[in-house]
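Below you'll find the structure, written out as structure tokens, and then a few comments.
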Amino acid sequence: METKMIIALGADHAGYEYKEKIMQYLLENDFQVMDNGTHSTDSVDYPDFVHPTAKAVSEDIANFGILVCGTGNGVAITANKYANIRAGLAWDVPLAELTRQHNNANVLCLPARYVPVEKAIAMVKAFLETPFEGGRHARRVGKMTCI
Ligand code: RB5
């Protein structure tokens, strides 16, 4: 039986609509989704949706995480508090690819207020299709953890 890759999703009110469209893309493309909310555009606090997403990835319950807020920074800063989370902020496809190739990112953070949703979905696709390059980048990633 084929096991589907599990993608954990989290967003605040600014990222809610993007999260819904990203989820639709993932479900149409044979991924399994863990939707950690939020579930409307009502104002919320982004860390409440980052923690379950980052925890699922750090505990290997999900393969990757995708987080969306207005700038992408609040979710990235919160997710990167976890020792084995490497959350990369991207605003264009090459950056989404590079955070996999060079940083072995396991969480992609997207700025809903600064990129069109079509580009956000293109970044998700690129992120999930791009492998880590290893080599010298593995040495550098190995030096990241300080706790
Ligand atoms: C919410 O207004 C906004 O602060 C949030 O989505 C995010 O951009 C924080 O970093």
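By order in the structure tokens, chains are A, B, ...; within a chain, residues start at 1; ligands start at 1, following the order shown.
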
I want to know what sits within 12 Å of range 98-102 of chain A, based on only C-alpha atoms, with residues of the same chain fewer than 4 positions away left out; could you give that as an MDAnalysis selection string? chainID A and resid 64 86:94 106:109 123:142

Can I get the selection written as an mmCIF file, in the first residue's frame, with N, CA and C atoms?
data_model
loop_
_atom_site.group_PDB
_atom_site.id
_atom_site.type_symbol
_atom_site.label_atom_id
_atom_site.label_comp_id
_atom_site.auth_asym_id
_atom_site.auth_seq_id
_atom_site.Cartn_x
_atom_site.Cartn_y
_atom_site.Cartn_z
ATOM 1 N N PHE A 64 6.647 17.251 6.380
ATOM 2 C CA PHE A 64 6.994 18.665 6.226
ATOM 3 C C PHE A 64 5.872 19.515 6.807
ATOM 4 N N ARG A 86 13.812 23.421 10.881
ATOM 5 C CA ARG A 86 14.497 24.410 10.036
ATOM 6 C C ARG A 86 13.414 25.024 9.153
ATOM 7 N N ALA A 87 12.925 26.181 9.595
ATOM 8 C CA ALA A 87 11.819 26.846 8.899
ATOM 9 C C ALA A 87 12.384 27.958 8.035
ATOM 10 N N GLY A 88 12.132 27.880 6.738
ATOM 11 C CA GLY A 88 12.656 28.865 5.797
ATOM 12 C C GLY A 88 11.552 29.756 5.251
ATOM 13 N N LEU A 89 11.823 31.045 5.230
ATOM 14 C CA LEU A 89 10.883 32.026 4.667
ATOM 15 C C LEU A 89 11.177 32.183 3.169
ATOM 16 N N ALA A 90 10.143 32.124 2.349
ATOM 17 C CA ALA A 90 10.338 32.290 0.901
ATOM 18 C C ALA A 90 9.259 33.189 0.319
ATOM 19 N N TRP A 91 9.643 33.962 -0.687
ATOM 20 C CA TRP A 91 8.695 34.838 -1.376
ATOM 21 C C TRP A 91 8.791 34.678 -2.893
ATOM 22 N N ASP A 92 9.576 33.713 -3.333
ATOM 23 C CA ASP A 92 9.630 33.384 -4.755
ATOM 24 C C ASP A 92 10.125 31.932 -4.887
ATOM 25 N N VAL A 93 9.858 31.348 -6.033
ATOM 26 C CA VAL A 93 10.136 29.919 -6.210
ATOM 27 C C VAL A 93 11.610 29.557 -5.976
ATOM 28 N N PRO A 94 12.577 30.326 -6.505
ATOM 29 C CA PRO A 94 13.971 29.932 -6.263
ATOM 30 C C PRO A 94 14.337 29.902 -4.776
ATOM 31 N N ASN A 106 12.637 21.940 6.778
ATOM 32 C CA ASN A 106 11.514 20.996 6.890
ATOM 33 C C ASN A 106 10.183 21.724 7.087
ATOM 34 N N VAL A 107 10.249 23.055 7.134
ATOM 35 C CA VAL A 107 9.031 23.868 7.197
ATOM 36 C C VAL A 107 9.210 25.048 6.238
ATOM 37 N N LEU A 108 8.174 25.298 5.442
ATOM 38 C CA LEU A 108 8.172 26.452 4.529
ATOM 39 C C LEU A 108 7.245 27.518 5.101
ATOM 40 N N CYS A 109 7.738 28.747 5.195
ATOM 41 C CA CYS A 109 6.945 29.863 5.739
ATOM 42 C C CYS A 109 6.654 30.853 4.615
ATOM 43 N N MET A 123 5.420 27.848 -4.881
ATOM 44 C CA MET A 123 6.502 27.672 -3.897
ATOM 45 C C MET A 123 6.327 26.379 -3.121
ATOM 46 N N VAL A 124 5.085 26.058 -2.755
ATOM 47 C CA VAL A 124 4.821 24.801 -2.046
ATOM 48 C C VAL A 124 5.253 23.615 -2.924
ATOM 49 N N LYS A 125 4.869 23.665 -4.196
ATOM 50 C CA LYS A 125 5.223 22.582 -5.135
ATOM 51 C C LYS A 125 6.747 22.433 -5.214
ATOM 52 N N ALA A 126 7.432 23.568 -5.420
ATOM 53 C CA ALA A 126 8.893 23.542 -5.550
ATOM 54 C C ALA A 126 9.541 23.011 -4.273
ATOM 55 N N PHE A 127 9.059 23.465 -3.140
ATOM 56 C CA PHE A 127 9.617 23.049 -1.843
ATOM 57 C C PHE A 127 9.501 21.528 -1.685
ATOM 58 N N LEU A 128 8.335 20.998 -1.997
ATOM 59 C CA LEU A 128 8.097 19.569 -1.769
ATOM 60 C C LEU A 128 8.800 18.687 -2.806
ATOM 61 N N GLU A 129 9.168 19.255 -3.932
ATOM 62 C CA GLU A 129 9.812 18.454 -4.990
ATOM 63 C C GLU A 129 11.340 18.550 -4.970
ATOM 64 N N THR A 130 11.872 19.447 -4.149
ATOM 65 C CA THR A 130 13.309 19.715 -4.207
ATOM 66 C C THR A 130 14.053 18.977 -3.100
ATOM 67 N N PRO A 131 15.067 18.188 -3.456
ATOM 68 C CA PRO A 131 15.841 17.486 -2.419
ATOM 69 C C PRO A 131 16.951 18.353 -1.816
ATOM 70 N N PHE A 132 17.390 17.965 -0.637
ATOM 71 C CA PHE A 132 18.560 18.577 0.013
ATOM 72 C C PHE A 132 19.806 18.148 -0.752
ATOM 73 N N GLU A 133 20.733 19.082 -0.971
ATOM 74 C CA GLU A 133 21.942 18.766 -1.740
ATOM 75 C C GLU A 133 23.001 18.034 -0.921
ATOM 76 N N GLY A 134 22.950 18.170 0.410
ATOM 77 C CA GLY A 134 23.954 17.511 1.243
ATOM 78 C C GLY A 134 25.330 18.124 1.036
ATOM 79 N N GLY A 135 26.388 17.305 1.171
ATOM 80 C CA GLY A 135 27.760 17.775 0.963
ATOM 81 C C GLY A 135 28.115 18.903 1.918
ATOM 82 N N ARG A 136 28.647 19.990 1.370
ATOM 83 C CA ARG A 136 29.066 21.107 2.219
ATOM 84 C C ARG A 136 27.885 21.707 2.975
ATOM 85 N N HIS A 137 26.693 21.583 2.390
ATOM 86 C CA HIS A 137 25.513 22.133 3.064
ATOM 87 C C HIS A 137 25.156 21.300 4.290
ATOM 88 N N ALA A 138 25.418 20.015 4.255
ATOM 89 C CA ALA A 138 25.155 19.156 5.416
ATOM 90 C C ALA A 138 26.071 19.570 6.567
ATOM 91 N N ARG A 139 27.320 19.913 6.247
ATOM 92 C CA ARG A 139 28.251 20.369 7.283
ATOM 93 C C ARG A 139 27.711 21.640 7.935
ATOM 94 N N ARG A 140 27.213 22.543 7.126
ATOM 95 C CA ARG A 140 26.705 23.827 7.639
ATOM 96 C C ARG A 140 25.431 23.627 8.452
ATOM 97 N N VAL A 141 24.540 22.815 7.940
ATOM 98 C CA VAL A 141 23.291 22.544 8.675
ATOM 99 C C VAL A 141 23.625 21.885 10.021
ATOM 100 N N GLY A 142 24.649 21.058 10.016
ATOM 101 C CA GLY A 142 25.089 20.391 11.252
ATOM 102 C C GLY A 142 25.588 21.356 12.306
#

* Show me which residues sit within 7 Å of ligand 1 when counting only C-alpha atoms and all ligand atoms, and put them as an NGL selection string. => :A and (12-15 or 46 or 69-75)

Go ahead and write the residues just picked, C-alpha atoms, as an mmCIF file, in the first residue's frame.
data_model
loop_
_atom_site.group_PDB
_atom_site.id
_atom_site.type_symbol
_atom_site.label_atom_id
_atom_site.label_comp_id
_atom_site.auth_asym_id
_atom_site.auth_seq_id
_atom_site.Cartn_x
_atom_site.Cartn_y
_atom_site.Cartn_z
ATOM 1 C CA ASP A 12 -3.252 32.774 11.263
ATOM 2 C CA HIS A 13 -6.139 34.936 10.000
ATOM 3 C CA ALA A 14 -3.840 36.612 7.441
ATOM 4 C CA GLY A 15 -2.831 33.232 6.029
ATOM 5 C CA TYR A 46 -0.079 32.878 14.969
ATOM 6 C CA CYS A 69 0.952 34.460 8.166
ATOM 7 C CA GLY A 70 0.952 38.028 6.857
ATOM 8 C CA THR A 71 4.720 38.396 6.532
ATOM 9 C CA GLY A 72 5.862 34.812 7.098
ATOM 10 C CA ASN A 73 8.208 36.077 9.785
ATOM 11 C CA GLY A 74 6.068 35.485 12.879
ATOM 12 C CA VAL A 75 5.498 31.854 11.961
#

- Could you give me, as a PyMOL selection string, each residue of range 47-118 of chain A that DSSP assigns to strand (DSSP E or B) when run on this structure's backbone? chain A and resi 64-69+87-89+107-111

With N, CA, C and O atoms kept, could you save the residues just selected as a JSON list (two decimals), in the first residue's frame?
[["chain", "number", "residue", "atom", "x", "y", "z"],
["A", 64, "PHE", "N", 6.65, 17.25, 6.38],
["A", 64, "PHE", "CA", 6.99, 18.67, 6.23],
["A", 64, "PHE", "C", 5.87, 19.51, 6.81],
["A", 64, "PHE", "O", 4.74, 19.04, 6.98],
["A", 65, "GLY", "N", 6.20, 20.79, 7.07],
["A", 65, "GLY", "CA", 5.19, 21.75, 7.51],
["A", 65, "GLY", "C", 5.14, 22.94, 6.58],
["A", 65, "GLY", "O", 6.17, 23.31, 5.97],
["A", 66, "ILE", "N", 3.96, 23.51, 6.43],
["A", 66, "ILE", "CA", 3.79, 24.76, 5.68],
["A", 66, "ILE", "C", 3.05, 25.72, 6.61],
["A", 66, "ILE", "O", 1.98, 25.38, 7.14],
["A", 67, "LEU", "N", 3.64, 26.90, 6.81],
["A", 67, "LEU", "CA", 3.05, 27.90, 7.70],
["A", 67, "LEU", "C", 2.83, 29.19, 6.94],
["A", 67, "LEU", "O", 3.70, 29.62, 6.16],
["A", 68, "VAL", "N", 1.70, 29.84, 7.20],
["A", 68, "VAL", "CA", 1.38, 31.07, 6.48],
["A", 68, "VAL", "C", 0.88, 32.11, 7.48],
["A", 68, "VAL", "O", -0.03, 31.85, 8.27],
["A", 69, "CYS", "N", 1.50, 33.31, 7.45],
["A", 69, "CYS", "CA", 0.95, 34.46, 8.17],
["A", 69, "CYS", "C", 1.10, 35.66, 7.23],
["A", 69, "CYS", "O", 1.38, 35.49, 6.04],
["A", 87, "ALA", "N", 12.92, 26.18, 9.60],
["A", 87, "ALA", "CA", 11.82, 26.85, 8.90],
["A", 87, "ALA", "C", 12.38, 27.96, 8.04],
["A", 87, "ALA", "O", 13.05, 28.87, 8.54],
["A", 88, "GLY", "N", 12.13, 27.88, 6.74],
["A", 88, "GLY", "CA", 12.66, 28.86, 5.80],
["A", 88, "GLY", "C", 11.55, 29.76, 5.25],
["A", 88, "GLY", "O", 10.48, 29.27, 4.87],
["A", 89, "LEU", "N", 11.82, 31.05, 5.23],
["A", 89, "LEU", "CA", 10.88, 32.03, 4.67],
["A", 89, "LEU", "C", 11.18, 32.18, 3.17],
["A", 89, "LEU", "O", 12.33, 32.35, 2.78],
["A", 107, "VAL", "N", 10.25, 23.06, 7.13],
["A", 107, "VAL", "CA", 9.03, 23.87, 7.20],
["A", 107, "VAL", "C", 9.21, 25.05, 6.24],
["A", 107, "VAL", "O", 10.26, 25.70, 6.23],
["A", 108, "LEU", "N", 8.17, 25.30, 5.44],
["A", 108, "LEU", "CA", 8.17, 26.45, 4.53],
["A", 108, "LEU", "C", 7.24, 27.52, 5.10],
["A", 108, "LEU", "O", 6.09, 27.22, 5.45],
["A", 109, "CYS", "N", 7.74, 28.75, 5.20],
["A", 109, "CYS", "CA", 6.95, 29.86, 5.74],
["A", 109, "CYS", "C", 6.65, 30.85, 4.62],
["A", 109, "CYS", "O", 7.57, 31.28, 3.91],
["A", 110, "LEU", "N", 5.39, 31.23, 4.50],
["A", 110, "LEU", "CA", 4.96, 32.06, 3.37],
["A", 110, "LEU", "C", 4.27, 33.34, 3.84],
["A", 110, "LEU", "O", 3.47, 33.30, 4.78],
["A", 111, "PRO", "N", 4.56, 34.46, 3.15],
["A", 111, "PRO", "CA", 3.98, 35.76, 3.50],
["A", 111, "PRO", "C", 2.73, 36.07, 2.67],
["A", 111, "PRO", "O", 2.83, 36.66, 1.59]]

- Test item, alpha helix (DSSP H) assignment across range 22-143 of chain A, answer as a PyMOL selection string: chain A and resi 22-28+47-58+73-79+93-101+117-129+136-142

Selected residues written out, C-alpha atoms, as a PDB file, in the first residue's frame:
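Below you can see out39.pdb, which holds the result:
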ATOM      1  CA  ILE A  22      -2.655  25.154  -0.395  1.00  0.00           C
ATOM      2  CA  MET A  23      -4.599  22.348   1.286  1.00  0.00           C
ATOM      3  CA  GLN A  24      -6.751  21.927  -1.814  1.00  0.00           C
ATOM      4  CA  TYR A  25      -3.616  21.740  -3.991  1.00  0.00           C
ATOM      5  CA  LEU A  26      -2.059  19.140  -1.678  1.00  0.00           C
ATOM      6  CA  LEU A  27      -5.162  16.960  -1.519  1.00  0.00           C
ATOM      7  CA  GLU A  28      -5.491  17.063  -5.305  1.00  0.00           C
ATOM      8  CA  PRO A  47       1.972  30.923  17.570  1.00  0.00           C
ATOM      9  CA  ASP A  48      -1.150  28.932  18.482  1.00  0.00           C
ATOM     10  CA  PHE A  49      -1.097  27.401  14.994  1.00  0.00           C
ATOM     11  CA  VAL A  50       2.652  27.141  14.617  1.00  0.00           C
ATOM     12  CA  HIS A  51       3.213  25.009  17.737  1.00  0.00           C
ATOM     13  CA  PRO A  52       1.090  21.993  16.680  1.00  0.00           C
ATOM     14  CA  THR A  53       2.572  22.185  13.170  1.00  0.00           C
ATOM     15  CA  ALA A  54       6.202  22.429  14.293  1.00  0.00           C
ATOM     16  CA  LYS A  55       5.627  19.718  16.925  1.00  0.00           C
ATOM     17  CA  ALA A  56       4.181  17.326  14.317  1.00  0.00           C
ATOM     18  CA  VAL A  57       7.225  17.812  12.067  1.00  0.00           C
ATOM     19  CA  SER A  58       9.742  17.653  14.910  1.00  0.00           C
ATOM     20  CA  ASN A  73       8.208  36.077   9.785  1.00  0.00           C
ATOM     21  CA  GLY A  74       6.068  35.485  12.879  1.00  0.00           C
ATOM     22  CA  VAL A  75       5.498  31.854  11.961  1.00  0.00           C
ATOM     23  CA  ALA A  76       9.156  31.335  10.959  1.00  0.00           C
ATOM     24  CA  ILE A  77      10.529  32.814  14.174  1.00  0.00           C
ATOM     25  CA  THR A  78       8.174  30.696  16.279  1.00  0.00           C
ATOM     26  CA  ALA A  79       8.826  27.450  14.391  1.00  0.00           C
ATOM     27  CA  VAL A  93      10.136  29.919  -6.210  1.00  0.00           C
ATOM     28  CA  PRO A  94      13.971  29.932  -6.263  1.00  0.00           C
ATOM     29  CA  LEU A  95      14.003  30.770  -2.547  1.00  0.00           C
ATOM     30  CA  ALA A  96      11.661  27.879  -1.782  1.00  0.00           C
ATOM     31  CA  GLU A  97      13.968  25.565  -3.748  1.00  0.00           C
ATOM     32  CA  LEU A  98      17.126  26.910  -2.125  1.00  0.00           C
ATOM     33  CA  THR A  99      15.828  26.490   1.407  1.00  0.00           C
ATOM     34  CA  ARG A 100      15.506  22.770   0.625  1.00  0.00           C
ATOM     35  CA  GLN A 101      18.741  22.481  -1.393  1.00  0.00           C
ATOM     36  CA  VAL A 117      -1.708  32.816  -4.000  1.00  0.00           C
ATOM     37  CA  GLU A 118      -0.629  31.254  -7.322  1.00  0.00           C
ATOM     38  CA  LYS A 119       2.989  31.984  -6.412  1.00  0.00           C
ATOM     39  CA  ALA A 120       2.457  30.594  -2.904  1.00  0.00           C
ATOM     40  CA  ILE A 121       1.230  27.324  -4.413  1.00  0.00           C
ATOM     41  CA  ALA A 122       4.153  27.268  -6.872  1.00  0.00           C
ATOM     42  CA  MET A 123       6.502  27.672  -3.897  1.00  0.00           C
ATOM     43  CA  VAL A 124       4.821  24.801  -2.046  1.00  0.00           C
ATOM     44  CA  LYS A 125       5.223  22.582  -5.135  1.00  0.00           C
ATOM     45  CA  ALA A 126       8.893  23.542  -5.550  1.00  0.00           C
ATOM     46  CA  PHE A 127       9.617  23.049  -1.843  1.00  0.00           C
ATOM     47  CA  LEU A 128       8.097  19.569  -1.769  1.00  0.00           C
ATOM     48  CA  GLU A 129       9.812  18.454  -4.990  1.00  0.00           C
ATOM     49  CA  ARG A 136      29.066  21.107   2.219  1.00  0.00           C
ATOM     50  CA  HIS A 137      25.513  22.133   3.064  1.00  0.00           C
ATOM     51  CA  ALA A 138      25.155  19.156   5.416  1.00  0.00           C
ATOM     52  CA  ARG A 139      28.251  20.369   7.283  1.00  0.00           C
ATOM     53  CA  ARG A 140      26.705  23.827   7.639  1.00  0.00           C
ATOM     54  CA  VAL A 141      23.291  22.544   8.675  1.00  0.00           C
ATOM     55  CA  GLY A 142      25.089  20.391  11.252  1.00  0.00           C
TER      56      GLY A 142
END

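Among the candidate residues A:Lys4, A:Lys19, A:Glu59, A:Leu9, the one lying nearest to Asp35 in chain A is A:Leu9, with distances computed using only C-alpha atoms.
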
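Going from CA of Gly37 in chain A over to CA of Asn63 in chain A, you cover 17.7 Å.
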
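Rounded to one decimal, CA of Ser43 in chain A and CA of Ile6 in chain A lie 27.1 Å from each other.
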
Computed gap from CA of Val33 in chain A to CA of Tyr82 in chain A is 21.0 Å

Using only C-alpha atoms, the shortest atom-to-atom distance to Met5 in chain A among A:Asn80, A:Asp30, A:Lys21, A:His39 belongs to A:Asp30

Using only C-alpha atoms, which of A:Lys81, A:Ala62, A:Met144, A:Thr41 sits nearest Ala8 in chain A?
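Result for the nearest residue to Ala8 in chain A: A:Ala62.
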